[in-house]
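Have a look at structure21.txt below; it lists compact mmCIF, C-alpha atoms.
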# COMPACT_ATOMS: atom_id res chain seq x y z
CA MET Y 4 68.36 -84.82 73.05
CA ASN Y 5 67.06 -83.44 69.77
CA ALA Y 6 63.92 -84.93 68.26
CA VAL Y 7 61.27 -84.09 65.72
CA ARG Y 8 57.52 -84.53 66.27
CA LEU Y 9 55.53 -85.15 63.11
CA LEU Y 10 51.74 -85.02 62.90
CA PRO Y 11 49.19 -85.31 60.09
CA LEU Y 12 48.23 -81.93 58.65
CA ALA Y 13 45.13 -80.74 60.51
CA THR Y 14 44.10 -78.32 57.78
CA LEU Y 15 44.70 -78.71 54.07
CA THR Y 16 44.48 -76.06 51.40
CA GLN Y 17 42.25 -78.45 49.49
CA PRO Y 18 40.61 -80.82 52.00
CA GLY Y 19 41.18 -84.43 51.07
CA ILE Y 20 44.13 -83.72 48.76
CA ILE Y 21 47.82 -83.84 49.62
CA GLN Y 22 49.89 -82.04 47.01
CA ALA Y 23 53.56 -81.10 46.99
CA THR Y 24 56.43 -80.48 44.63
CA ILE Y 25 59.69 -81.83 46.00
CA PRO Y 26 63.09 -80.62 44.70
CA LEU Y 27 64.91 -83.82 45.54
CA ALA Y 28 68.52 -83.94 46.65
CA SER Y 29 71.05 -85.02 44.04
CA SER Y 30 72.25 -88.60 44.01
CA LYS Y 31 75.20 -89.11 46.33
CA SER Y 32 75.87 -92.48 44.66
CA GLU Y 33 76.37 -90.84 41.27
CA SER Y 34 78.15 -87.85 42.81
CA ASN Y 35 80.72 -89.92 44.69
CA ARG Y 36 81.56 -92.01 41.64
CA ALA Y 37 81.86 -88.93 39.43
CA LEU Y 38 84.17 -87.29 41.97
CA ILE Y 39 86.60 -90.25 41.96
CA ILE Y 40 86.65 -90.37 38.17
CA ASP Y 41 87.18 -86.59 38.05
CA ALA Y 42 90.11 -86.92 40.46
CA LEU Y 43 91.65 -89.59 38.22
CA THR Y 44 91.54 -87.12 35.30
CA GLY Y 45 93.43 -84.57 37.37
CA PHE Y 46 90.22 -82.73 38.34
CA ARG Y 47 89.51 -81.62 34.77
CA CYS Y 48 85.80 -82.58 34.54
CA ASP Y 49 82.85 -80.19 34.84
CA LEU Y 50 80.57 -81.85 37.39
CA GLN Y 51 77.13 -80.29 37.75
CA ASN Y 52 74.45 -80.70 40.43
CA LEU Y 53 76.71 -82.48 42.90
CA SER Y 54 74.98 -83.75 46.02
CA THR Y 55 74.91 -81.59 49.14
CA ALA Y 56 74.79 -84.75 51.28
CA ARG Y 57 77.40 -84.94 54.04
CA ASP Y 58 78.93 -88.07 52.47
CA THR Y 59 79.60 -86.22 49.23
CA GLN Y 60 80.78 -83.05 50.93
CA THR Y 61 83.19 -85.19 52.96
CA MET Y 62 84.48 -86.72 49.72
CA ILE Y 63 85.00 -83.25 48.22
CA ARG Y 64 86.81 -82.02 51.34
CA LEU Y 65 89.19 -84.97 51.39
CA LEU Y 66 89.88 -84.80 47.66
CA LYS Y 67 90.85 -81.15 48.05
CA SER Y 68 93.72 -82.39 50.20
CA ASP Y 69 94.71 -84.70 47.32
CA VAL Y 70 98.48 -84.17 47.17
CA GLN Y 71 101.43 -86.48 47.01
CA TYR Y 72 102.21 -86.64 50.71
CA VAL Y 73 105.76 -87.68 51.55
CA GLY Y 74 105.14 -88.16 55.24
CA GLY Y 75 108.15 -87.31 57.34
CA PRO Y 76 108.27 -86.66 61.07
CA ALA Y 77 104.56 -85.84 61.24
CA GLY Y 78 103.66 -89.09 59.50
CA PRO Y 79 100.98 -89.65 56.84
CA GLU Y 80 98.04 -87.28 56.49
CA THR Y 81 94.81 -88.46 58.12
CA ALA Y 82 91.68 -88.77 55.98
CA ASP Y 83 88.67 -88.92 58.32
CA VAL Y 84 85.61 -90.06 56.35
CA LEU Y 85 83.29 -89.72 59.37
CA ASP Y 86 80.45 -92.22 58.79
CA ALA Y 87 80.59 -92.32 54.98
CA GLY Y 88 80.93 -95.89 53.75
CA THR Y 89 81.31 -95.14 50.05
CA THR Y 90 83.80 -92.40 50.85
CA MET Y 91 85.91 -94.82 52.89
CA ARG Y 92 85.93 -97.55 50.24
CA PHE Y 93 86.33 -95.29 47.19
CA LEU Y 94 89.04 -93.07 48.69
CA THR Y 95 90.99 -96.05 50.04
CA ALA Y 96 91.28 -97.37 46.47
CA TYR Y 97 91.94 -93.92 44.98
CA PHE Y 98 94.61 -92.84 47.48
CA ALA Y 99 96.23 -96.29 47.25
CA VAL Y 100 96.54 -96.38 43.46
CA THR Y 101 97.83 -92.80 43.32
CA GLY Y 102 100.57 -93.69 45.80
CA GLN Y 103 99.52 -91.33 48.54
CA GLN Y 104 100.44 -91.85 52.17
CA LYS Y 105 97.26 -91.58 54.21
CA ILE Y 106 95.67 -92.86 57.36
CA MET Y 107 92.07 -93.81 56.58
CA THR Y 108 89.74 -93.58 59.56
CA GLY Y 109 86.20 -92.61 60.56
CA THR Y 110 83.63 -92.76 63.33
CA PRO Y 111 83.68 -95.64 65.83
CA ARG Y 112 80.92 -97.34 63.82
CA MET Y 113 82.89 -96.90 60.58
CA CYS Y 114 85.83 -98.63 62.25
CA GLU Y 115 83.53 -101.59 62.97
CA ARG Y 116 82.61 -101.99 59.29
CA PRO Y 117 84.79 -104.55 57.47
CA ILE Y 118 87.15 -103.52 54.69
CA GLY Y 119 89.46 -106.54 54.49
CA ILE Y 120 88.12 -107.80 51.16
CA LEU Y 121 88.99 -104.50 49.48
CA VAL Y 122 92.39 -104.25 51.18
CA ASP Y 123 93.31 -107.78 50.08
CA ALA Y 124 92.45 -106.93 46.47
CA LEU Y 125 94.40 -103.67 46.56
CA ARG Y 126 97.41 -105.43 48.04
CA ALA Y 127 97.28 -107.98 45.21
CA LEU Y 128 97.44 -105.09 42.74
CA GLY Y 129 100.46 -103.52 44.45
CA ALA Y 130 99.21 -101.37 47.34
CA ASP Y 131 101.15 -101.26 50.62
CA ILE Y 132 98.45 -101.12 53.32
CA THR Y 133 98.69 -101.88 57.03
CA TYR Y 134 96.00 -102.11 59.69
CA LEU Y 135 96.54 -99.82 62.65
CA LYS Y 136 94.24 -101.68 65.05
CA LYS Y 137 92.00 -104.65 64.26
CA GLU Y 138 92.86 -106.81 61.26
CA GLY Y 139 90.32 -106.33 58.49
CA TYR Y 140 88.91 -103.02 59.77
CA PRO Y 141 89.79 -99.32 59.72
CA PRO Y 142 91.84 -97.41 60.62
CA LEU Y 143 94.28 -98.20 57.81
CA GLN Y 144 97.61 -96.76 56.79
CA LEU Y 145 98.36 -96.41 53.08
CA ASN Y 146 102.11 -96.48 52.47
CA GLY Y 147 102.42 -96.29 48.68
CA PHE Y 148 101.81 -98.27 45.51
CA GLN Y 149 104.00 -100.28 43.18
CA ALA Y 150 102.05 -102.03 40.45
CA ALA Y 151 102.12 -105.82 40.68
CA GLU Y 152 102.65 -108.05 37.65
CA THR Y 153 99.13 -109.43 37.90
CA ASN Y 154 96.08 -107.56 36.65
CA ARG Y 155 93.61 -110.25 37.66
CA VAL Y 156 91.86 -110.19 41.04
CA SER Y 157 89.04 -112.26 42.56
CA ILE Y 158 86.61 -110.69 45.00
CA ARG Y 159 83.40 -111.84 46.65
CA GLY Y 160 80.30 -110.38 45.06
CA ASP Y 161 77.92 -110.86 47.98
CA VAL Y 162 79.38 -108.55 50.65
CA SER Y 163 79.42 -104.99 49.32
CA SER Y 164 79.22 -103.65 45.78
CA GLN Y 165 81.23 -100.65 47.02
CA TYR Y 166 84.38 -102.79 47.14
CA ILE Y 167 83.80 -103.81 43.53
CA SER Y 168 83.04 -100.27 42.36
CA ALA Y 169 86.14 -98.94 44.14
CA LEU Y 170 88.36 -101.40 42.26
CA LEU Y 171 86.66 -100.85 38.92
CA MET Y 172 87.01 -97.08 39.03
CA ILE Y 173 90.78 -97.19 39.53
CA ALA Y 174 91.24 -99.88 36.85
CA PRO Y 175 91.78 -97.55 33.84
CA VAL Y 176 94.89 -96.03 35.46
CA LEU Y 177 96.49 -99.39 36.30
CA PRO Y 178 99.38 -100.23 33.90
CA ASN Y 179 97.60 -103.31 32.54
CA GLY Y 180 94.03 -102.51 33.41
CA LEU Y 181 92.08 -105.01 35.49
CA THR Y 182 90.24 -108.30 35.15
CA LEU Y 183 87.89 -108.66 38.11
CA GLU Y 184 86.40 -112.07 38.86
CA LEU Y 185 83.33 -111.98 41.11
CA THR Y 186 82.87 -115.07 43.23
CA GLY Y 187 79.74 -116.34 44.94
CA ALA Y 188 76.38 -114.64 44.69
CA LEU Y 189 76.27 -111.10 43.29
CA GLY Y 190 74.48 -108.40 45.28
CA SER Y 191 73.56 -104.82 44.37
CA ARG Y 192 74.36 -105.39 40.70
CA PRO Y 193 72.64 -102.13 39.63
CA TYR Y 194 75.22 -100.18 41.67
CA ILE Y 195 78.02 -101.98 39.81
CA GLU Y 196 76.29 -101.24 36.51
CA MET Y 197 75.97 -97.58 37.51
CA THR Y 198 79.73 -97.50 38.10
CA LEU Y 199 80.44 -99.11 34.73
CA GLU Y 200 78.08 -96.77 32.86
CA GLN Y 201 79.74 -93.71 34.39
CA MET Y 202 83.18 -95.13 33.58
CA ILE Y 203 82.15 -95.75 29.96
CA TYR Y 204 80.77 -92.20 29.72
CA PHE Y 205 84.20 -90.90 30.69
CA GLY Y 206 85.95 -93.05 28.08
CA ALA Y 207 86.83 -96.29 29.88
CA HIS Y 208 86.98 -99.55 27.92
CA VAL Y 209 84.79 -102.04 29.78
CA GLN Y 210 83.55 -105.56 29.11
CA ALA Y 211 81.15 -107.22 31.55
CA ASP Y 212 80.46 -110.95 31.29
CA TRP Y 213 77.63 -111.35 33.80
CA VAL Y 214 77.19 -115.05 33.08
CA ASN Y 215 80.74 -115.90 34.17
CA LYS Y 216 80.88 -112.87 36.49
CA ILE Y 217 84.06 -111.42 34.99
CA ILE Y 218 84.54 -107.69 34.34
CA THR Y 219 87.48 -106.52 32.24
CA VAL Y 220 88.66 -102.90 32.17
CA GLY Y 221 91.34 -101.75 29.74
CA ALA Y 222 94.34 -99.57 30.62
CA LYS Y 223 92.95 -96.41 29.03
CA PRO Y 224 92.87 -93.18 31.07
CA TYR Y 225 89.58 -91.37 31.54
CA THR Y 226 88.64 -88.47 29.25
CA PRO Y 227 87.59 -85.27 31.07
CA LYS Y 228 83.96 -84.36 30.27
CA SER Y 229 80.97 -82.48 31.66
CA TYR Y 230 78.51 -84.54 33.70
CA ALA Y 231 75.19 -83.65 35.36
CA ILE Y 232 74.09 -85.65 38.42
CA GLU Y 233 70.52 -86.99 38.53
CA SER Y 234 68.27 -86.54 41.57
CA ASP Y 235 68.44 -89.28 44.19
CA TRP Y 236 66.07 -92.24 43.81
CA SER Y 237 66.87 -93.37 47.35
CA GLY Y 238 65.56 -90.01 48.57
CA ALA Y 239 62.55 -90.37 46.31
CA SER Y 240 61.57 -93.61 48.05
CA TYR Y 241 60.39 -91.74 51.17
CA TRP Y 242 57.94 -89.74 49.07
CA TYR Y 243 56.57 -92.94 47.58
CA SER Y 244 55.88 -94.00 51.16
CA VAL Y 245 54.22 -90.64 51.88
CA ALA Y 246 51.92 -91.16 48.90
CA ALA Y 247 51.11 -94.74 49.91
CA LEU Y 248 50.33 -93.76 53.51
CA ALA Y 249 48.19 -90.71 52.71
CA LYS Y 250 45.10 -91.76 54.66
CA ASP Y 251 41.69 -91.32 53.03
CA GLU Y 252 43.11 -88.61 50.82
CA THR Y 253 44.24 -88.23 47.26
CA ALA Y 254 47.98 -87.68 47.03
CA GLU Y 255 49.70 -85.97 44.13
CA LEU Y 256 53.42 -85.50 44.62
CA ASN Y 257 55.79 -84.19 41.97
CA LEU Y 258 59.39 -85.29 42.44
CA LEU Y 259 61.79 -83.18 40.40
CA GLY Y 260 64.90 -84.25 38.53
CA LEU Y 261 64.26 -87.99 38.13
CA LYS Y 262 64.65 -89.94 34.89
CA ALA Y 263 62.67 -92.93 33.63
CA LYS Y 264 65.91 -94.51 32.41
CA SER Y 265 68.10 -94.13 35.46
CA LEU Y 266 71.51 -95.53 36.34
CA GLN Y 267 70.39 -95.84 39.95
CA GLY Y 268 69.28 -99.24 41.22
CA ASP Y 269 66.89 -97.64 43.69
CA SER Y 270 64.67 -96.58 40.79
CA ALA Y 271 63.20 -100.04 41.45
CA ILE Y 272 60.96 -98.20 43.93
CA VAL Y 273 58.65 -97.50 40.98
CA ASP Y 274 57.85 -101.20 40.64
CA ILE Y 275 57.96 -101.99 44.35
CA MET Y 276 55.46 -99.30 45.30
CA ARG Y 277 52.92 -99.98 42.57
CA PRO Y 278 51.39 -102.94 44.48
CA LEU Y 279 51.63 -100.85 47.65
CA GLY Y 280 49.33 -98.24 46.12
CA VAL Y 281 51.44 -95.70 44.22
CA GLU Y 282 51.37 -95.01 40.48
CA SER Y 283 54.29 -93.25 38.76
CA THR Y 284 53.93 -91.00 35.73
CA PHE Y 285 57.11 -89.54 34.25
CA THR Y 286 57.05 -85.92 33.10
CA ASP Y 287 59.57 -83.51 31.62
CA ALA Y 288 60.33 -82.31 35.15
CA GLY Y 289 60.54 -85.68 36.91
CA VAL Y 290 57.87 -88.10 38.14
CA ARG Y 291 54.34 -87.56 39.46
CA LEU Y 292 53.02 -89.89 42.16
CA THR Y 293 49.32 -90.65 42.55
CA LYS Y 294 47.41 -93.20 44.60
CA ARG Y 295 46.05 -96.46 43.22
CA PRO Y 296 44.45 -99.51 44.87
CA ALA Y 297 46.95 -101.41 47.02
CA GLU Y 298 47.38 -105.18 47.13
CA PRO Y 299 47.22 -107.19 50.39
CA SER Y 300 50.67 -108.74 50.13
CA LEU Y 301 54.04 -108.26 48.48
CA ALA Y 302 57.20 -110.36 48.20
CA TRP Y 303 60.39 -108.64 47.05
CA ASP Y 304 64.05 -109.54 46.69
CA PHE Y 305 66.07 -106.50 47.81
CA THR Y 306 69.44 -107.91 46.72
CA ASP Y 307 69.84 -105.19 44.09
CA CYS Y 308 68.30 -102.35 46.13
CA PRO Y 309 68.94 -102.99 49.86
CA ASP Y 310 68.66 -99.30 50.79
CA LEU Y 311 64.93 -99.43 50.00
CA ALA Y 312 64.14 -102.20 52.47
CA GLN Y 313 63.57 -100.03 55.55
CA THR Y 314 61.21 -97.66 53.73
CA VAL Y 315 59.15 -100.48 52.23
CA ALA Y 316 59.02 -102.39 55.53
CA VAL Y 317 57.64 -99.39 57.42
CA CYS Y 318 55.14 -98.59 54.67
CA ALA Y 319 53.85 -102.18 54.62
CA ALA Y 320 53.66 -102.28 58.42
CA VAL Y 321 51.51 -99.15 58.64
CA ASN Y 322 49.17 -100.12 55.80
CA GLY Y 323 48.75 -103.71 57.01
CA VAL Y 324 50.36 -105.28 53.94
CA LYS Y 325 51.99 -108.67 54.47
CA LEU Y 326 55.55 -108.16 53.22
CA THR Y 327 58.14 -110.87 52.55
CA LEU Y 328 61.72 -109.63 52.19
CA THR Y 329 64.79 -111.44 50.90
CA GLY Y 330 68.21 -110.12 49.95
CA ILE Y 331 68.66 -107.88 53.00
CA GLU Y 332 71.73 -109.61 54.48
CA SER Y 333 73.98 -106.63 53.69
CA LEU Y 334 71.84 -104.39 55.93
CA LYS Y 335 73.60 -105.87 58.96
CA ILE Y 336 76.90 -104.10 58.14
CA LYS Y 337 75.51 -100.68 57.23
CA GLU Y 338 75.49 -97.54 59.43
CA THR Y 339 73.87 -99.78 62.01
CA ASP Y 340 72.56 -103.34 61.95
CA ARG Y 341 69.45 -102.27 60.08
CA VAL Y 342 67.74 -105.65 60.43
CA ALA Y 343 68.01 -105.50 64.23
CA ALA Y 344 67.01 -101.83 64.24
CA LEU Y 345 63.87 -102.58 62.22
CA GLN Y 346 62.99 -105.48 64.47
CA THR Y 347 63.08 -103.15 67.47
CA GLU Y 348 61.43 -100.06 66.03
CA LEU Y 349 58.63 -101.68 64.01
CA GLN Y 350 57.17 -102.98 67.27
CA LYS Y 351 56.57 -99.39 68.31
CA ILE Y 352 54.14 -98.93 65.39
CA GLY Y 353 52.35 -102.24 65.91
CA ALA Y 354 54.30 -104.60 63.66
CA GLU Y 355 57.20 -107.00 63.75
CA LEU Y 356 59.96 -108.21 61.45
CA ILE Y 357 60.23 -111.99 61.72
CA GLU Y 358 63.15 -114.04 60.41
CA THR Y 359 61.42 -117.00 58.75
CA GLU Y 360 64.54 -118.48 57.13
CA PRO Y 361 67.89 -117.84 58.85
CA ASN Y 362 69.75 -114.88 57.34
CA HIS Y 363 67.65 -115.02 54.18
CA ARG Y 364 63.88 -114.55 54.44
CA TYR Y 365 61.94 -112.12 56.62
CA GLU Y 366 58.29 -111.13 57.00
CA VAL Y 367 56.61 -107.97 58.24
CA ARG Y 368 53.53 -108.91 60.28
CA GLN Y 369 51.00 -107.01 62.36
CA LEU Y 370 51.02 -107.35 66.15
CA ASN Y 371 47.78 -108.26 67.89
CA ALA Y 372 47.91 -105.10 69.99
CA LYS Y 373 49.44 -101.78 69.04
CA PRO Y 374 51.32 -99.79 71.72
CA LYS Y 375 49.46 -96.75 73.03
CA GLY Y 376 50.58 -93.19 72.43
CA PRO Y 377 52.85 -91.78 69.72
CA ALA Y 378 55.73 -94.02 68.71
CA ARG Y 379 59.19 -92.74 69.58
CA ILE Y 380 61.68 -93.96 67.00
CA ALA Y 381 65.40 -94.35 67.71
CA THR Y 382 67.57 -93.69 64.66
CA TYR Y 383 70.85 -95.44 65.61
CA ASP Y 384 72.96 -92.78 63.83
CA ASP Y 385 71.31 -94.00 60.61
CA HIS Y 386 69.80 -91.49 58.20
CA ARG Y 387 67.59 -94.10 56.57
CA MET Y 388 65.97 -95.09 59.86
CA ALA Y 389 64.85 -91.48 60.38
CA MET Y 390 63.49 -90.99 56.87
CA ALA Y 391 61.91 -94.44 56.58
CA PHE Y 392 59.74 -93.84 59.66
CA ALA Y 393 58.87 -90.18 58.99
CA PRO Y 394 56.02 -90.98 56.52
CA VAL Y 395 54.13 -92.66 59.39
CA ALA Y 396 53.08 -89.06 60.15
CA MET Y 397 50.63 -89.25 57.26
CA GLN Y 398 48.42 -91.32 59.58
CA GLU Y 399 49.44 -90.61 63.17
CA GLU Y 400 51.78 -88.65 65.39
CA ILE Y 401 55.34 -89.96 65.53
CA ILE Y 402 58.52 -88.76 67.21
CA VAL Y 403 61.88 -89.36 65.56
CA GLU Y 404 65.01 -88.98 67.66
CA GLU Y 405 68.20 -87.26 66.48
CA PRO Y 406 66.69 -85.90 63.25
CA GLY Y 407 70.01 -84.37 62.21
CA VAL Y 408 71.18 -87.75 60.92
CA VAL Y 409 69.42 -87.00 57.60
CA ALA Y 410 72.31 -84.65 56.71
CA LYS Y 411 74.24 -87.73 55.61
CA SER Y 412 72.21 -88.02 52.39
CA TYR Y 413 69.26 -85.58 52.34
CA PRO Y 414 69.94 -82.38 54.32
CA SER Y 415 66.67 -80.66 53.33
CA PHE Y 416 64.44 -83.63 54.21
CA TRP Y 417 62.60 -82.07 57.15
CA ASP Y 418 62.00 -78.83 55.26
CA ASP Y 419 60.48 -80.86 52.43
CA MET Y 420 58.38 -82.94 54.85
CA ALA Y 421 56.83 -79.72 56.13
CA GLN Y 422 54.88 -79.57 52.85
CA VAL Y 423 52.87 -82.67 53.78
CA ALA Y 424 52.97 -82.90 57.60
CA ILE Y 425 53.32 -80.75 60.70
CA VAL Y 426 57.01 -80.84 61.59
CA ASP Y 427 57.94 -79.69 65.10
CA MET Y 428 61.61 -79.68 66.06
CA ILE Y 429 62.02 -80.13 69.81
CA GLN Y 430 64.96 -79.88 72.17
CA GLU Y 431 64.62 -82.19 75.14
CA GLU Y 432 66.51 -82.52 78.38
CA PRO Y 433 69.00 -85.40 78.32
CA ARG Y 434 67.53 -88.59 79.72
CA VAL Y 435 68.92 -89.91 82.96
CA LYS Y 436 69.85 -93.56 82.68
CA GLU Y 437 68.54 -95.74 85.48
Serialized structure, structure tokens:
Amino acid sequence: MNAVRLLPLATLTQPGIIQATIPLASSKSESNRALIIDALTGFRCDLQNLSTARDTQTMIRLLKSDVQYVGGPAGPETADVLDAGTTMRFLTAYFAVTGQQKIMTGTPRMCERPIGILVDALRALGADITYLKKEGYPPLQLNGFQAAETNRVSIRGDVSSQYISALLMIAPVLPNGLTLELTGALGSRPYIEMTLEQMIYFGAHVQADWVNKIITVGAKPYTPKSYAIESDWSGASYWYSVAALAKDETAELNLLGLKAKSLQGDSAIVDIMRPLGVESTFTDAGVRLTKRPAEPSLAWDFTDCPDLAQTVAVCAAVNGVKLTLTGIESLKIKETDRVAALQTELQKIGAELIETEPNHRYEVRQLNAKPKGPARIATYDDHRMAMAFAPVAMQEEIIVEEPGVVAKSYPSFWDDMAQVAIVDMIQEEPRVKE
């Protein structure tokens, strides 16, 4: 088994000061949306600073095979998205609306993640899609597209914003555009707004009525343009945790390529981390993080930024901050059940995640006794589990299993962490199960 051991820096260039300049990875959320829009222009856009994350590289690889595939004796072409959720949802909509015959599949975990809501909506618009195994889940077979008479579709807003974004991005190429009615509660709205802003940039006609939860997109093809991808605010969140957990030192971290006015919902980390002890100052190059006095408790609704929940939970657990979390229901259908994973792994660093209101409200609390020895964190094939727990190394030794999972979104993460902690990659003998 591969693992990484992280320890606090024993010797600092300037004792008592932790300083680093981090060239953050590009946003895979922006990259993946831009790639779909580019494909719908016939690949005529100039996209700059695309993410090197595995999810985005998988998207690029599969789009390169973007041809009208007739099928024949060999059957439809297989598009294997691996473990990339956005790639699965976005490409299913893109390949469907462009009439391509594809089999959409991925890792075993990806085939456990529901997609029925998106498939139902695409079928209503004219897509011919069949399930190859379990109803409502990948693998899928896309058999072509014939536009339906209707251009109005209803879809739940509280399951995954990726379904909504997938439908919105293909709307300009539908014969009559699309009127999308969002039912129930609306989660991750900033991700939907990011999609709409990128669509508008590329010439789409969009009207969003957030009161009645209706989004209307006109039948106007995208205009090819140049577009530069911003650095990733999700990736930035781990450095906020590093700054907050810098023990008895002054931290000054410069995160490159971030904007004060960002399309990314995870830029909310600026406001979340202020009461946890981190001040943000925007510069021409990005944002500078410095320490400030922390508050004893924090309550936050993560509905619009669920990918930040793990990072904030770990940070609060280590610093003894009482944290109340709501809006994390969607974490149960991510790369792993992130709620269950946090409940297991937080205990290894002396804390617990308690469900105080069923499927709605949770609290991070300190345990009476902390386990002895360095914590050994399982990552569950989840990149965010690895990176959320890594900043614990600012205060104590920690071992993170299967560190390669970070390639999904932030391939250079461990190299960057080496600026602020001792990072020791270790190869261990496989464990023998009892």
Exercise for review: Do a neighbour search on range 51-54 of chain Y at 7 Å with all atoms listed in the file, toss out local chain neighbours closer than 3 positions, and write the hits as number ranges by chain.
Suggested key: Y: 28-31, 34, 59, 230-232
Mind dumping the selected residues with C-alpha atoms as a PDB file, in the coordinates of the input?
ATOM      1  CA  ALA Y  28      68.520 -83.940  46.650  1.00  0.00           C
ATOM      2  CA  SER Y  29      71.050 -85.020  44.040  1.00  0.00           C
ATOM      3  CA  SER Y  30      72.250 -88.600  44.010  1.00  0.00           C
ATOM      4  CA  LYS Y  31      75.200 -89.110  46.330  1.00  0.00           C
ATOM      5  CA  SER Y  34      78.150 -87.850  42.810  1.00  0.00           C
ATOM      6  CA  THR Y  59      79.600 -86.220  49.230  1.00  0.00           C
ATOM      7  CA  TYR Y 230      78.510 -84.540  33.700  1.00  0.00           C
ATOM      8  CA  ALA Y 231      75.190 -83.650  35.360  1.00  0.00           C
ATOM      9  CA  ILE Y 232      74.090 -85.650  38.420  1.00  0.00           C
TER      10      ILE Y 232
END
With all atoms listed in the file as the counted atoms, please give the residues lying no more than 7 Å from Gly160 in chain Y, apart from itself and same-chain residues fewer than 4 positions off, as an mmCIF file with C-alpha atoms, in the coordinates of the input.
data_model
loop_
_atom_site.group_PDB
_atom_site.id
_atom_site.type_symbol
_atom_site.label_atom_id
_atom_site.label_comp_id
_atom_site.auth_asym_id
_atom_site.auth_seq_id
_atom_site.Cartn_x
_atom_site.Cartn_y
_atom_site.Cartn_z
ATOM 1 C CA SER Y 164 79.220 -103.650 45.780
ATOM 2 C CA LEU Y 185 83.330 -111.980 41.110
ATOM 3 C CA THR Y 186 82.870 -115.070 43.230
ATOM 4 C CA GLY Y 187 79.740 -116.340 44.940
ATOM 5 C CA ALA Y 188 76.380 -114.640 44.690
ATOM 6 C CA LEU Y 189 76.270 -111.100 43.290
ATOM 7 C CA GLY Y 190 74.480 -108.400 45.280
#
Contact check, range 295-353 of chain Y to range 272-279 of chain Y, at most 8 Å, counting only C-alpha atoms, closest pairs as a Markdown table:
| residue | atom | partner | partner_atom | distance |
| --- | --- | --- | --- | --- |
| Y:Arg295 | CA | Y:Arg277 | CA | 7.7 |
| Y:Pro296 | CA | Y:Pro278 | CA | 7.8 |
| Y:Ala297 | CA | Y:Leu279 | CA | 4.8 |
| Y:Glu298 | CA | Y:Pro278 | CA | 5.3 |
| Y:Leu301 | CA | Y:Pro278 | CA | 7.2 |
| Y:Trp303 | CA | Y:Ile275 | CA | 7.6 |
| Y:Leu311 | CA | Y:Ile272 | CA | 7.4 |
| Y:Val315 | CA | Y:Met276 | CA | 7.9 |
| Y:Ala319 | CA | Y:Leu279 | CA | 7.4 |
| Y:Val324 | CA | Y:Leu279 | CA | 7.8 |
**Study point:** Expected residue set, 12 Å radius at (99.0, -96.8, 62.6), only C-alpha atoms, as a ChimeraX atom specification
**Key:** /Y:78-81,104-108,132-138,141-146
Review point. Which of these residues is nearest to Gln398 in chain Y, using all atoms listed in the file: Y:Thr110, Y:Asn5, Y:Ser68, Y:Ser244?
Key: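 When distances to Gln398 in chain Y are compared using all atoms listed in the file, the smallest one comes from Y:Ser244.
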Practice item. Take CA of Ile40 in chain Y and CA of Met172 in chain Y and report the distance between them in Å, one decimal. Key: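 So the answer is 6.8 Å.
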Point to revise | Counting all atoms listed in the file, the residue of Y:Ser229, Y:Ser234, Y:Asn179, Y:Thr101 that sits nearest Phe205 in chain Y | key: Y:Ser229
Review point. Using all atoms listed in the file, which of Y:Arg126, Y:Lys335, Y:Arg387, Y:Arg291 sits nearest Val156 in chain Y?
Key: Y:Arg126
Practice item. For CA of Asp287 in chain Y and CA of His386 in chain Y, quote the distance in Å rounded to one decimal. Key: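 That distance, rounded to one decimal, is 29.6 Å.
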